[in-house]
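Peer 1: So here's structure_23.cif, just mmCIF, C-alpha atoms and all ligand atoms:
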data_target
loop_
_atom_site.label_atom_id
_atom_site.label_comp_id
_atom_site.auth_asym_id
_atom_site.auth_seq_id
_atom_site.Cartn_x
_atom_site.Cartn_y
_atom_site.Cartn_z
CA MET A 28 -13.68 -59.74 -31.15
CA ILE A 29 -15.45 -58.54 -27.99
CA LYS A 30 -16.67 -60.90 -25.32
CA VAL A 31 -19.04 -59.27 -22.88
CA ILE A 32 -18.88 -61.33 -19.73
CA GLY A 33 -20.62 -61.41 -16.37
CA ILE A 34 -18.39 -62.14 -13.38
CA GLY A 35 -21.17 -63.00 -10.91
CA SER A 36 -20.25 -61.85 -7.43
CA GLY A 37 -16.65 -61.31 -8.55
CA VAL A 38 -15.16 -64.20 -6.58
CA VAL A 39 -13.48 -66.78 -8.72
CA GLN A 40 -15.76 -69.66 -7.64
CA ASN A 41 -18.72 -67.68 -8.96
CA LEU A 42 -17.28 -67.23 -12.49
CA THR A 43 -18.49 -69.63 -15.15
CA THR A 44 -15.79 -71.65 -16.90
CA GLU A 45 -16.63 -69.80 -20.11
CA ALA A 46 -16.10 -66.41 -18.46
CA LEU A 47 -12.83 -67.60 -16.92
CA GLU A 48 -11.61 -68.79 -20.32
CA ALA A 49 -12.54 -65.45 -21.89
CA ILE A 50 -10.41 -63.64 -19.29
CA LYS A 51 -7.54 -66.05 -19.89
CA SER A 52 -7.50 -65.35 -23.63
CA ALA A 53 -8.09 -61.58 -23.41
CA GLU A 54 -5.58 -59.03 -24.66
CA VAL A 55 -7.57 -56.01 -23.48
CA ILE A 56 -9.85 -55.95 -20.43
CA VAL A 57 -12.42 -53.20 -19.97
CA GLY A 58 -14.50 -52.60 -16.87
CA TYR A 59 -15.65 -50.52 -13.95
CA ARG A 60 -12.74 -50.02 -11.53
CA THR A 61 -14.19 -52.06 -8.64
CA TYR A 62 -14.89 -55.07 -10.87
CA ILE A 63 -11.39 -54.94 -12.33
CA ASP A 64 -10.01 -54.90 -8.77
CA TRP A 65 -12.05 -58.03 -7.98
CA ILE A 66 -10.51 -60.01 -10.81
CA GLN A 67 -7.02 -58.44 -10.57
CA PRO A 68 -5.41 -61.73 -9.44
CA LEU A 69 -6.64 -63.36 -12.67
CA ILE A 70 -5.38 -60.43 -14.73
CA ASP A 71 -1.98 -60.66 -13.03
CA LYS A 72 -1.74 -64.33 -14.02
CA ASN A 73 -2.50 -63.63 -17.70
CA SER A 74 0.56 -62.68 -19.73
CA HIS A 75 -1.52 -61.94 -22.90
CA ILE A 76 -3.16 -58.87 -21.35
CA GLN A 77 -1.63 -55.74 -22.83
CA LYS A 78 -4.08 -53.16 -21.54
CA VAL A 79 -6.70 -52.69 -18.83
CA ILE A 80 -9.19 -49.88 -19.45
CA THR A 81 -11.11 -48.75 -16.37
CA THR A 82 -13.40 -45.83 -15.73
CA GLY A 83 -15.58 -44.86 -12.78
CA MET A 84 -19.28 -45.35 -12.19
CA THR A 85 -20.70 -43.11 -14.96
CA GLY A 86 -18.10 -43.92 -17.63
CA GLU A 87 -20.05 -46.73 -19.29
CA VAL A 88 -20.33 -45.17 -22.77
CA LYS A 89 -16.63 -44.24 -22.84
CA ARG A 90 -15.64 -47.73 -21.68
CA CYS A 91 -17.73 -49.43 -24.35
CA GLN A 92 -16.45 -47.09 -27.08
CA ALA A 93 -12.88 -47.87 -26.02
CA ALA A 94 -13.67 -51.59 -26.09
CA LEU A 95 -15.10 -51.40 -29.61
CA GLU A 96 -12.10 -49.39 -30.80
CA ALA A 97 -9.65 -51.95 -29.39
CA SER A 98 -11.61 -54.76 -31.01
CA ARG A 99 -11.60 -52.95 -34.38
CA ASN A 100 -7.80 -52.76 -33.98
CA GLY A 101 -7.71 -56.54 -33.92
CA LYS A 102 -7.53 -57.18 -30.18
CA ASN A 103 -9.32 -59.85 -28.17
CA VAL A 104 -11.34 -57.67 -25.84
CA VAL A 105 -13.24 -58.65 -22.73
CA VAL A 106 -15.80 -56.26 -21.26
CA ILE A 107 -16.79 -56.99 -17.69
CA SER A 108 -20.08 -56.56 -15.85
CA SER A 109 -20.98 -57.78 -12.41
CA GLY A 110 -23.56 -60.55 -12.24
CA ASP A 111 -24.82 -61.17 -15.78
CA SER A 112 -23.72 -58.69 -18.47
CA GLY A 113 -27.14 -58.93 -20.12
CA ILE A 114 -29.04 -57.88 -16.97
CA TYR A 115 -28.55 -54.16 -16.24
CA GLY A 116 -24.99 -54.75 -17.53
CA MET A 117 -22.84 -53.74 -20.51
CA ALA A 118 -24.10 -56.17 -23.17
CA GLY A 119 -26.91 -53.94 -24.47
CA LEU A 120 -24.76 -50.81 -24.67
CA ILE A 121 -22.04 -52.67 -26.60
CA TYR A 122 -24.64 -53.79 -29.14
CA GLU A 123 -26.19 -50.30 -29.32
CA LEU A 124 -22.79 -48.71 -30.05
CA SER A 125 -21.65 -51.42 -32.46
CA ASP A 126 -21.45 -51.50 -36.25
CA VAL A 127 -22.66 -54.48 -38.25
CA GLU A 128 -19.11 -55.81 -38.77
CA ASP A 129 -18.19 -55.80 -35.05
CA GLU A 130 -17.83 -59.33 -33.68
CA ILE A 131 -19.58 -59.54 -30.32
CA SER A 132 -20.39 -62.43 -28.09
CA VAL A 133 -22.22 -62.26 -24.77
CA ILE A 134 -21.16 -64.76 -22.13
CA PRO A 135 -23.74 -65.22 -19.40
CA GLY A 136 -22.95 -64.85 -15.73
CA VAL A 137 -24.78 -65.51 -12.49
CA THR A 138 -27.02 -62.53 -11.80
CA SER A 139 -27.20 -61.11 -8.28
CA SER A 140 -30.86 -62.07 -7.77
CA SER A 141 -29.87 -65.74 -8.28
CA ILE A 142 -26.90 -65.42 -5.93
CA ALA A 143 -29.01 -63.63 -3.31
CA ALA A 144 -31.86 -66.12 -3.68
CA ALA A 145 -29.47 -68.99 -2.99
CA SER A 146 -28.35 -67.30 0.25
CA LEU A 147 -31.92 -66.61 1.36
CA GLY A 148 -33.29 -70.10 0.64
CA ALA A 149 -35.50 -70.61 -2.42
CA PRO A 150 -37.60 -67.47 -2.92
CA LEU A 151 -37.68 -67.54 -6.74
CA MET A 152 -39.45 -70.88 -7.15
CA HIS A 153 -42.49 -69.25 -8.72
CA ASP A 154 -43.07 -66.39 -11.16
CA PHE A 155 -40.91 -63.38 -10.40
CA VAL A 156 -39.95 -60.02 -11.87
CA SER A 157 -36.83 -57.86 -11.66
CA ILE A 158 -37.20 -54.11 -11.32
CA SER A 159 -34.41 -51.56 -11.06
CA LEU A 160 -35.24 -48.61 -8.80
CA SER A 161 -32.64 -46.41 -10.49
CA ASP A 162 -34.23 -43.45 -12.23
CA LEU A 163 -31.00 -42.36 -13.91
CA MET A 164 -32.31 -43.64 -17.23
CA THR A 165 -35.92 -44.64 -16.49
CA PRO A 166 -38.59 -42.13 -15.45
CA TYR A 167 -39.64 -42.54 -11.82
CA ASP A 168 -43.36 -42.87 -12.61
CA ILE A 169 -42.66 -45.79 -14.96
CA ILE A 170 -40.64 -47.54 -12.25
CA MET A 171 -43.46 -47.12 -9.74
CA LYS A 172 -46.04 -48.26 -12.31
CA ARG A 173 -44.03 -51.48 -12.82
CA VAL A 174 -43.80 -51.99 -9.05
CA ARG A 175 -47.57 -51.55 -8.74
CA LEU A 176 -48.35 -53.95 -11.60
CA ALA A 177 -45.91 -56.57 -10.22
CA ALA A 178 -47.64 -56.33 -6.84
CA GLU A 179 -51.05 -56.62 -8.47
CA GLY A 180 -49.84 -59.79 -10.19
CA ASP A 181 -48.56 -61.20 -6.87
CA PHE A 182 -45.14 -61.75 -8.43
CA VAL A 183 -42.06 -62.29 -6.28
CA ILE A 184 -40.16 -59.04 -6.84
CA CYS A 185 -36.36 -58.64 -7.08
CA LEU A 186 -35.30 -55.04 -6.63
CA TYR A 187 -31.98 -54.08 -8.25
CA ASN A 188 -30.39 -50.69 -7.45
CA PRO A 189 -32.72 -50.36 -4.46
CA ARG A 190 -31.19 -47.41 -2.64
CA SER A 191 -28.39 -44.88 -2.92
CA LYS A 192 -27.63 -41.39 -1.62
CA GLY A 193 -29.15 -39.87 -4.77
CA ARG A 194 -32.44 -41.77 -4.36
CA PRO A 195 -32.98 -42.42 -0.66
CA HIS A 196 -36.81 -42.56 -0.92
CA HIS A 197 -37.39 -44.86 -3.88
CA LEU A 198 -37.26 -48.05 -1.88
CA GLU A 199 -39.68 -46.74 0.73
CA ASP A 200 -42.06 -45.60 -2.03
CA ALA A 201 -41.86 -48.99 -3.74
CA LEU A 202 -42.49 -50.91 -0.51
CA ASN A 203 -45.42 -48.67 0.38
CA THR A 204 -46.92 -49.26 -3.07
CA ILE A 205 -46.58 -53.03 -2.60
CA LYS A 206 -48.01 -52.82 0.95
CA ASP A 207 -51.09 -50.89 -0.26
CA ILE A 208 -51.86 -53.71 -2.69
CA GLN A 209 -50.59 -56.83 -0.91
CA GLY A 210 -50.82 -55.96 2.79
CA ASP A 211 -47.82 -55.75 5.11
CA GLY A 212 -47.31 -59.46 5.83
CA LEU A 213 -45.14 -60.37 2.81
CA VAL A 214 -41.72 -61.85 3.61
CA VAL A 215 -38.77 -59.69 2.54
CA GLY A 216 -35.20 -60.96 2.24
CA THR A 217 -32.14 -58.83 1.58
CA VAL A 218 -28.59 -59.80 0.76
CA CYS A 219 -25.80 -57.27 0.47
CA ASP A 220 -22.59 -58.27 -1.31
CA ALA A 221 -24.18 -61.60 -2.18
CA GLY A 222 -21.69 -64.34 -2.95
CA ARG A 223 -18.82 -62.50 -1.29
CA LEU A 224 -17.13 -63.02 2.08
CA GLU A 225 -18.64 -59.79 3.41
CA ALA A 226 -22.22 -60.85 2.50
CA CYS A 227 -24.98 -59.97 4.95
CA VAL A 228 -28.48 -61.46 4.96
CA THR A 229 -31.67 -60.15 6.56
CA TYR A 230 -35.20 -61.52 6.75
CA SER A 231 -38.28 -59.54 7.75
CA THR A 232 -41.77 -58.67 6.62
CA LEU A 233 -42.98 -55.56 4.82
CA LYS A 234 -44.29 -54.34 8.19
CA GLU A 235 -40.95 -54.62 10.01
CA PHE A 236 -38.63 -53.84 7.12
CA ASN A 237 -35.96 -51.24 7.79
CA VAL A 238 -34.85 -49.46 4.61
CA GLN A 239 -31.78 -48.14 6.44
CA ASP A 240 -30.28 -51.66 6.18
CA VAL A 241 -30.16 -51.38 2.39
CA ASN A 242 -27.39 -49.89 0.25
CA MET A 243 -26.59 -49.96 -3.46
CA ARG A 244 -24.86 -53.35 -3.18
CA THR A 245 -28.02 -54.98 -1.86
CA MET A 246 -30.57 -57.24 -3.54
CA VAL A 247 -34.06 -56.95 -2.06
CA ILE A 248 -36.43 -59.86 -2.70
CA ILE A 249 -40.08 -59.48 -1.74
CA GLY A 250 -42.04 -62.71 -1.61
CA ASN A 251 -45.50 -63.41 -2.95
CA GLN A 252 -48.56 -64.28 -0.83
CA ASN A 253 -47.35 -67.89 -0.46
CA THR A 254 -43.72 -67.14 0.43
CA HIS A 255 -42.91 -68.07 4.00
CA MET A 256 -40.05 -68.83 6.36
CA HIS A 257 -39.23 -72.54 6.62
CA HIS A 258 -36.54 -73.64 9.11
CA GLY A 259 -35.04 -70.16 8.95
CA LYS A 260 -35.03 -69.88 5.15
CA MET A 261 -37.24 -67.91 2.73
CA VAL A 262 -39.20 -70.32 0.52
CA THR A 263 -41.76 -69.70 -2.21
CA PRO A 264 -43.66 -72.93 -2.85
CA ARG A 265 -43.71 -74.15 -6.43
CA GLY A 266 -47.06 -75.81 -5.74
CA TYR A 267 -46.19 -79.47 -5.13
CA MET A 268 -48.91 -81.37 -3.25
CA LEU A 269 -47.17 -82.49 -0.03
C1 LIG A 301 -26.28 -52.01 -12.29
S1 LIG A 301 -26.96 -53.38 -11.45
C2 LIG A 301 -25.93 -54.65 -12.06
C3 LIG A 301 -26.62 -55.99 -12.03
C4 LIG A 301 -25.72 -57.12 -12.54
N1 LIG A 301 -25.47 -57.02 -13.96
C5 LIG A 301 -26.35 -58.48 -12.22
O1 LIG A 301 -26.69 -59.23 -13.14
O2 LIG A 301 -26.47 -58.78 -11.02
C6 LIG A 301 -26.35 -53.15 -9.82
C7 LIG A 301 -27.29 -53.70 -8.77
O3 LIG A 301 -27.21 -55.12 -8.77
C8 LIG A 301 -27.32 -55.61 -7.45
N2 LIG A 301 -26.09 -56.32 -7.10
C9 LIG A 301 -24.98 -56.43 -7.85
N3 LIG A 301 -24.07 -57.22 -7.22
C10 LIG A 301 -24.64 -57.60 -6.06
C11 LIG A 301 -24.24 -58.43 -4.98
N4 LIG A 301 -23.04 -59.05 -4.98
N5 LIG A 301 -25.09 -58.60 -3.95
C12 LIG A 301 -26.31 -58.03 -3.94
N6 LIG A 301 -26.75 -57.25 -4.94
C13 LIG A 301 -25.93 -57.03 -5.98
C14 LIG A 301 -27.55 -54.40 -6.53
O4 LIG A 301 -28.93 -54.23 -6.36
C15 LIG A 301 -26.94 -53.29 -7.36
O5 LIG A 301 -27.52 -52.03 -7.01
#
Turn the structure described in the file into structure tokens.
Peer 2:
Amino acid sequence: MIKVIGIGSGVVQNLTTEALEAIKSAEVIVGYRTYIDWIQPLIDKNSHIQKVITTGMTGEVKRCQAALEASRNGKNVVVISSGDSGIYGMAGLIYELSDVEDEISVIPGVTSSSIAAASLGAPLMHDFVSISLSDLMTPYDIIMKRVRLAAEGDFVICLYNPRSKGRPHHLEDALNTIKDIQGDGLVVGTVCDAGRLEACVTYSTLKEFNVQDVNMRTMVIIGNQNTHMHHGKMVTPRGYML
């Protein structure tokens, strides 16, 4: 049996009870090294765990294959993603690599856009979209097309994987695309390491936004035309008549 879990921000308070219980009953734990480090205290407390399988950043396929193999050998396996495993996480890959007889269950977690939104105020109160700016597996022109269409629809936009050394210009390109369509007054909130002690929050507008503040552990949320700052927090009105 494989449980594919999301560990939210990786701090214990951010784990769902269901995810916590999955870790407690696991015999094999599989995950990206950093995420395993985050939950190491829980692993140390669990005497059932016989094996921890970790690989680095690009080892996703190997990790999932190892997880499926352990499960086929009769082990209770837990595969870990940050946030929610079904949102840019491991759940899809596990299903894609699986055979019909593999027993898989996906346990939801708190995705980073929800955690970041809670730190910023209430920016996701109206229709929103999530777009990953990583072109490792998605062609760049498709990413930019989605950014353009989201801006044309005046959606609140959550940008996952906004910036890394390998793609320093994607965020700038995306923001310029949004600016061309929406103007430069939209409110932008960022949260790095959301839900963790080291979290950092910024508020600005598209005009003032500094892409240098963003790294690959940042969630960027761009408001819609109605999003505004209210008592220091980013709020998108739902539309109540006040
Ligand atoms: C491969 S995606 C994983 C998303 C994850 N499955 C989720 O549901 O949040 C990685 C991206 O998620 C965002 N992210 C993950 N954890 C974060 C956190 N604690 N704070 C802010 N952004 C985070 C960043 O944009 C990062 O580049």
Peer 1: Would you please work out which residue, of A:His257, A:Arg60, A:Arg223, A:Lys234, is nearest to ligand LIG 301 (chain A) when using only C-alpha atoms and all ligand atoms?
Peer 2: A:Arg223
Peer 1: At a cut-off of 12 Å from (-46.7, -57.1, -9.0) in the coordinates of the file, what residues are picked up using only C-alpha atoms, written as a ChimeraX atom specification?
Peer 2: /A:154-158,170-186,201-202,204-209,249-252
Peer 1: If you measure from atom CA of Ser146 of chain A to atom CA of Asp162 of chain A, what distance in Å do you get, rounded to one decimal?
Peer 2: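 Atom CA of Asp162 of chain A lies 27.6 Å from atom CA of Ser146 of chain A.
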Peer 1: Out of A:Thr254, A:Ile32, A:Ser108, A:Gly259, which residue has the shortest atom-to-atom distance to His153 of chain A when counting all atoms listed in the file?
Peer 2: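 Among A:Thr254, A:Ile32, A:Ser108, A:Gly259, it is A:Thr254 that comes nearest to His153 of chain A.
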Peer 1: Figure out the distance between atom O3 of ligand LIG 301 (chain A) and atom CA of Cys219 of chain A, please, to one decimal in Å.
Peer 2: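 If I compute the distance from atom CA of Cys219 of chain A to atom O3 of ligand LIG 301 (chain A), I get 9.6 Å.
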Peer 1: Mind pulling up the distance from atom CA of Ile114 of chain A to atom CA of Ile29 of chain A?
Peer 2: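 Pair atom CA of Ile29 of chain A / atom CA of Ile114 of chain A returns 17.5 Å.
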Peer 1: Looking at all atoms listed in the file, which of A:Ile169, A:Val238, A:Ile248, A:Ile63 is the one that sits closest to ligand LIG 301 (chain A)?
Peer 2: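 Of A:Ile169, A:Val238, A:Ile248, A:Ile63, the one nearest ligand LIG 301 (chain A), counting all atoms listed in the file, is A:Ile248.
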Peer 1: Counting all atoms listed in the file, what are the residues, protein, DNA or RNA alike, that approach ligand LIG 301 (chain A) to within 6 Å? I want them as a ChimeraX atom specification.
Peer 2: /A:36,108-112,114-116,138-139,187-189,218-222,243-246
Peer 1: If we count all atoms listed in the file, what is near segment 57-59 of chain A at a cut-off of 8 Å, once residues fewer than 2 positions away on the same chain are taken out, given as a list of chain:residue names?
Peer 2: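 Neighbouring residues, sequence-local ones excluded: A:Val55, A:Thr61, A:Tyr62, A:Ile63, A:Val79, A:Ile80, A:Thr81, A:Thr82, A:Gly83, A:Met84, A:Gly86, A:Glu87, A:Arg90, A:Cys91, A:Ala94, A:Val104, A:Val105, A:Val106, A:Ile107, A:Ser108.
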